[in-house]
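Visitor: Quick one, work-v5.cif (mmCIF, C-alpha atoms):
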```cif
data_work
#
loop_
_atom_site.label_atom_id
_atom_site.label_comp_id
_atom_site.auth_asym_id
_atom_site.auth_seq_id
_atom_site.Cartn_x
_atom_site.Cartn_y
_atom_site.Cartn_z
CA MET E 7 -20.04 21.93 32.61
CA ASN E 8 -18.33 18.87 31.12
CA THR E 9 -18.08 16.08 33.70
CA HIS E 10 -16.18 13.66 31.44
CA GLY E 11 -12.54 13.99 30.57
CA PHE E 12 -10.82 14.23 27.22
CA ILE E 13 -9.95 10.51 27.10
CA TYR E 14 -13.56 9.50 27.68
CA ASN E 15 -14.75 11.69 24.79
CA ALA E 16 -11.96 10.46 22.47
CA VAL E 17 -12.74 6.79 23.19
CA GLY E 18 -16.44 7.46 22.57
CA ALA E 19 -15.67 9.09 19.19
CA VAL E 20 -13.40 6.19 18.13
CA LEU E 21 -16.07 3.64 19.08
CA ARG E 22 -18.73 5.50 17.05
CA ILE E 23 -16.46 5.53 13.98
CA ALA E 24 -15.67 1.81 14.46
CA LEU E 25 -19.39 1.01 14.66
CA VAL E 26 -20.13 2.83 11.39
CA LEU E 27 -17.18 1.12 9.65
CA ALA E 28 -18.31 -2.32 10.91
CA LEU E 29 -21.83 -1.71 9.55
CA VAL E 30 -20.50 -0.62 6.15
CA ALA E 31 -18.15 -3.66 5.99
CA GLY E 32 -21.01 -6.02 6.86
CA VAL E 33 -23.29 -4.61 4.16
CA TRP E 34 -20.47 -4.72 1.59
CA SER E 35 -19.68 -8.35 2.48
CA ILE E 36 -23.30 -9.36 1.90
CA TYR E 37 -23.55 -7.34 -1.34
CA ARG E 38 -20.46 -9.04 -2.83
CA GLN E 39 -22.04 -12.49 -2.30
CA LEU E 40 -25.28 -11.69 -4.13
CA PRO E 41 -25.82 -13.69 -7.35
CA ASP E 42 -25.66 -12.12 -10.79
CA ASP E 43 -29.04 -10.74 -11.83
CA GLY E 44 -28.76 -12.24 -15.32
CA GLY E 45 -29.37 -8.85 -16.93
CA GLY E 46 -26.15 -8.96 -18.91
CA LYS E 47 -24.09 -7.16 -16.27
CA MET E 48 -21.27 -9.27 -14.94
CA LYS E 49 -19.84 -8.73 -11.47
CA SER E 50 -16.27 -7.58 -11.36
CA GLY E 51 -13.77 -9.76 -9.57
CA ALA E 52 -12.29 -13.21 -9.88
CA ASP E 53 -15.58 -15.05 -10.45
CA ALA E 54 -16.61 -12.91 -13.45
CA SER E 55 -14.17 -14.65 -15.80
CA THR E 56 -14.26 -18.13 -14.23
CA GLU E 57 -15.08 -20.82 -16.73
CA THR E 58 -16.71 -24.11 -15.85
CA SER E 59 -16.60 -27.42 -17.64
CA LEU E 60 -20.30 -28.32 -17.74
CA GLN E 61 -21.21 -31.91 -18.53
CA ILE E 62 -24.85 -32.61 -19.44
CA ASN E 63 -26.08 -36.23 -19.23
CA LEU E 64 -29.33 -37.78 -20.43
CA ARG E 65 -30.53 -40.33 -17.87
CA GLY E 66 -33.62 -42.51 -17.66
CA VAL E 67 -34.57 -41.94 -21.30
CA SER E 68 -35.13 -45.06 -23.40
CA ASP E 69 -32.90 -45.56 -26.44
CA THR E 70 -29.98 -43.50 -25.09
CA SER E 71 -27.60 -45.57 -27.21
CA SER E 72 -29.23 -44.97 -30.59
CA PRO E 73 -27.42 -42.90 -33.24
CA ALA E 74 -30.54 -40.74 -33.54
CA LEU E 75 -29.68 -39.36 -30.09
CA LYS E 76 -27.29 -36.84 -31.64
CA VAL E 77 -29.72 -34.01 -30.91
CA PRO E 78 -28.73 -30.38 -30.41
CA VAL E 79 -28.58 -28.79 -26.97
CA GLN E 80 -28.53 -25.02 -26.50
CA LEU E 81 -27.39 -23.03 -23.48
CA PHE E 82 -28.62 -19.47 -23.07
CA PRO E 83 -27.43 -16.90 -20.51
CA ILE E 84 -31.02 -15.64 -20.10
CA ASP E 85 -34.48 -17.18 -20.02
CA VAL E 86 -35.24 -16.84 -23.74
CA ASN E 87 -38.94 -17.68 -23.36
CA ALA E 88 -39.42 -14.98 -20.71
CA ALA E 89 -37.53 -12.49 -22.88
CA GLN E 90 -39.73 -13.36 -25.88
CA ASP E 91 -42.85 -12.88 -23.76
CA GLU E 92 -41.53 -9.51 -22.62
CA PHE E 93 -40.69 -8.47 -26.20
CA PHE E 94 -44.15 -9.35 -27.53
CA SER E 95 -46.03 -7.87 -24.55
CA GLU E 96 -45.03 -4.30 -25.46
CA ARG E 97 -44.68 -2.62 -28.83
CA ARG E 98 -41.07 -1.95 -29.73
CA PRO E 99 -41.05 -0.04 -33.03
CA GLY E 100 -37.90 -0.56 -35.04
CA LYS E 101 -36.47 -3.27 -32.79
CA ARG E 102 -36.29 -6.90 -33.88
CA LEU E 103 -36.51 -9.84 -31.51
CA ASP E 104 -32.90 -10.84 -32.28
CA ASP E 105 -31.65 -7.36 -31.32
CA PHE E 106 -33.71 -7.41 -28.13
CA LEU E 107 -32.32 -10.84 -27.14
CA ALA E 108 -28.73 -9.74 -27.89
CA GLU E 109 -29.25 -6.67 -25.72
CA ARG E 110 -30.56 -8.82 -22.85
CA MET E 111 -27.68 -11.32 -23.13
CA GLY E 112 -25.05 -8.61 -22.85
CA ASN E 113 -21.55 -9.99 -23.27
CA ARG E 114 -22.53 -13.68 -22.99
CA ALA E 115 -23.41 -15.54 -26.17
CA PRO E 116 -25.58 -18.65 -26.48
CA ILE E 117 -23.76 -21.97 -26.83
CA GLU E 118 -24.79 -24.84 -29.09
CA ALA E 119 -23.59 -28.44 -28.89
CA ARG E 120 -24.78 -31.96 -29.75
CA PHE E 121 -25.20 -34.99 -27.53
CA GLU E 122 -22.91 -37.92 -28.29
CA GLU E 123 -24.28 -41.44 -28.83
CA ASN E 124 -23.82 -42.14 -25.11
CA GLY E 125 -26.15 -39.27 -24.15
CA GLN E 126 -23.45 -36.90 -22.92
CA VAL E 127 -22.16 -33.51 -23.96
CA SER E 128 -19.47 -31.35 -22.38
CA VAL E 129 -19.20 -27.58 -22.88
CA THR E 130 -17.19 -24.78 -21.30
CA VAL E 131 -19.26 -21.85 -20.02
CA LYS E 132 -18.75 -18.81 -17.82
CA SER E 133 -20.02 -19.02 -14.27
CA GLY E 134 -23.50 -17.72 -13.60
CA PRO E 135 -27.08 -18.65 -14.46
CA TRP E 136 -27.70 -20.58 -17.71
CA TRP E 137 -30.81 -22.12 -19.27
CA ILE E 138 -30.51 -25.49 -21.01
CA HIS E 139 -32.89 -26.02 -23.96
CA THR E 140 -33.14 -29.31 -25.82
CA THR E 141 -35.80 -31.58 -27.27
CA LEU E 142 -35.41 -35.32 -27.55
CA PRO E 143 -37.53 -36.49 -30.51
CA GLY E 144 -39.22 -39.84 -30.65
CA GLU E 145 -42.59 -41.44 -30.04
CA LEU E 146 -42.75 -39.23 -26.96
CA ASN E 147 -41.02 -35.84 -27.49
CA ILE E 148 -39.34 -34.70 -24.29
CA GLU E 149 -38.35 -31.04 -23.98
CA TRP E 150 -36.10 -29.48 -21.33
CA ARG E 151 -35.93 -25.80 -20.37
CA LEU E 152 -33.80 -26.09 -17.27
CA ARG E 153 -32.19 -23.26 -15.29
CA VAL E 154 -28.74 -24.10 -13.93
CA ASN E 155 -26.49 -22.01 -11.68
CA VAL E 156 -23.02 -22.78 -13.02
CA SER E 157 -20.08 -22.39 -10.66
CA GLY E 158 -16.78 -24.03 -9.85
CA SER E 159 -14.36 -25.67 -12.25
CA LYS E 160 -16.50 -28.71 -13.15
CA GLN E 161 -20.22 -29.36 -12.88
CA THR E 162 -22.58 -32.12 -14.04
CA VAL E 163 -26.27 -31.75 -14.91
CA GLU E 164 -28.61 -34.71 -15.36
CA LEU E 165 -31.55 -34.41 -17.75
CA THR E 166 -34.19 -36.93 -16.72
CA PRO E 167 -37.89 -37.33 -17.51
CA ASP E 168 -38.56 -36.02 -13.99
CA ASN E 169 -37.02 -32.59 -14.66
CA ALA E 170 -38.36 -32.28 -18.23
CA TYR E 171 -40.38 -29.19 -19.17
CA THR E 172 -42.89 -30.97 -21.41
CA ARG E 173 -43.63 -34.41 -22.82
CA THR E 174 -45.72 -34.54 -25.97
CA LYS E 175 -46.91 -37.49 -27.99
CA SER E 176 -45.86 -37.60 -31.67
CA PHE E 177 -48.45 -38.63 -34.22
#
```
Can you turn what I pasted into structure tokens?

Guide:
Amino acid sequence: MNTHGFIYNAVGAVLRIALVLALVAGVWSIYRQLPDDGGGKMKSGADASTETSLQINLRGVSDTSSPALKVPVQLFPIDVNAAQDEFFSERRPGKRLDDFLAERMGNRAPIEARFEENGQVSVTVKSGPWWIHTTLPGELNIEWRLRVNVSGSKQTVELTPDNAYTRTKSF
């Protein structure tokens, strides 16, 4: 025999449905805030097409005012060194490294620029993870392979000897 009335059962059913909907909304909210995995798949939404003005500055490097400072800087949407290691770790008959890298980059292309005499360069990139690659030649070659999460309308990155990947002596 049912000891509860119709209203009690209806309220219980509505609360169960509300609980399930709240759980689904919470999971969806967290999922939408996850970063891009860098695998070439862009998230849909407003942030997928957002472009950022990225300024890269050389700081703490001697001779930043010399004309020889006009060195190239490359920005890649993936970690190229990790992708090369992956490519060479397994046999891939009929596939070239360039094709493999293009497949990994998806719809984002690498960007090339040159530092100005003042040690600055400004580029426009899509939001998401990028890897900065550049080598400053000299008596002591300094190489950067720096991962940067680009977001917002304007961002500045400082390349210093402290965040350099390697420093090698030239002979």

Visitor: Work out how far CA of Arg97 in chain E is from CA of Glu109 in chain E, in Å to one decimal.

Guide: 16.3 Å

Visitor: Residues picked by the PyMOL selection byres ((chain E and resi 148) around 12) here, as a list in words?

Guide: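 Taken on the displayed file, the PyMOL selection byres ((chain E and resi 148) around 12) yields the residues Leu64, Gly66, Val67, Ser68, Val77, His139, Thr140, Thr141, Leu142, Pro143, Gly144, Glu145, Leu146, Asn147, Glu149, Trp150, Arg151, Leu165, Thr166, Pro167, Asp168, Asn169, Ala170, Tyr171, Thr172, Arg173, Thr174, Lys175 and Ser176 of chain E.
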
Visitor: If you apply the PyMOL selection byres ((chain E and resi 117) around 8) to this file, what residues do you get, as number ranges by chain?

Guide: E: 80-82, 115-116, 118-119

Visitor: Taking all atoms of range 18-30 of chain E that the file lists, what box with edges along x, y and z, padded by 6 Å per side, do you get, with centre and edge lengths in Å to one decimal, as JSON?

Guide:
```
{"center_x": -17.6, "center_y": 3.4, "center_z": 14.4, "size_x": 20.4, "size_y": 23.4, "size_z": 28.4}
```

Visitor: Skip range 121-137 of chain E itself and residues of its chain fewer than 2 positions away, then list as number ranges by chain all residues within 6 Å of it, counting all atoms listed in the file.

Guide: E: 56-64, 70-71, 73, 75-77, 81-83, 152-157

Visitor: Just give me the gap between CA of Leu103 in chain E and CA of Asn87 in chain E in Å, one decimal is fine.

Guide: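 Interatomic distance here is 11.6 Å.
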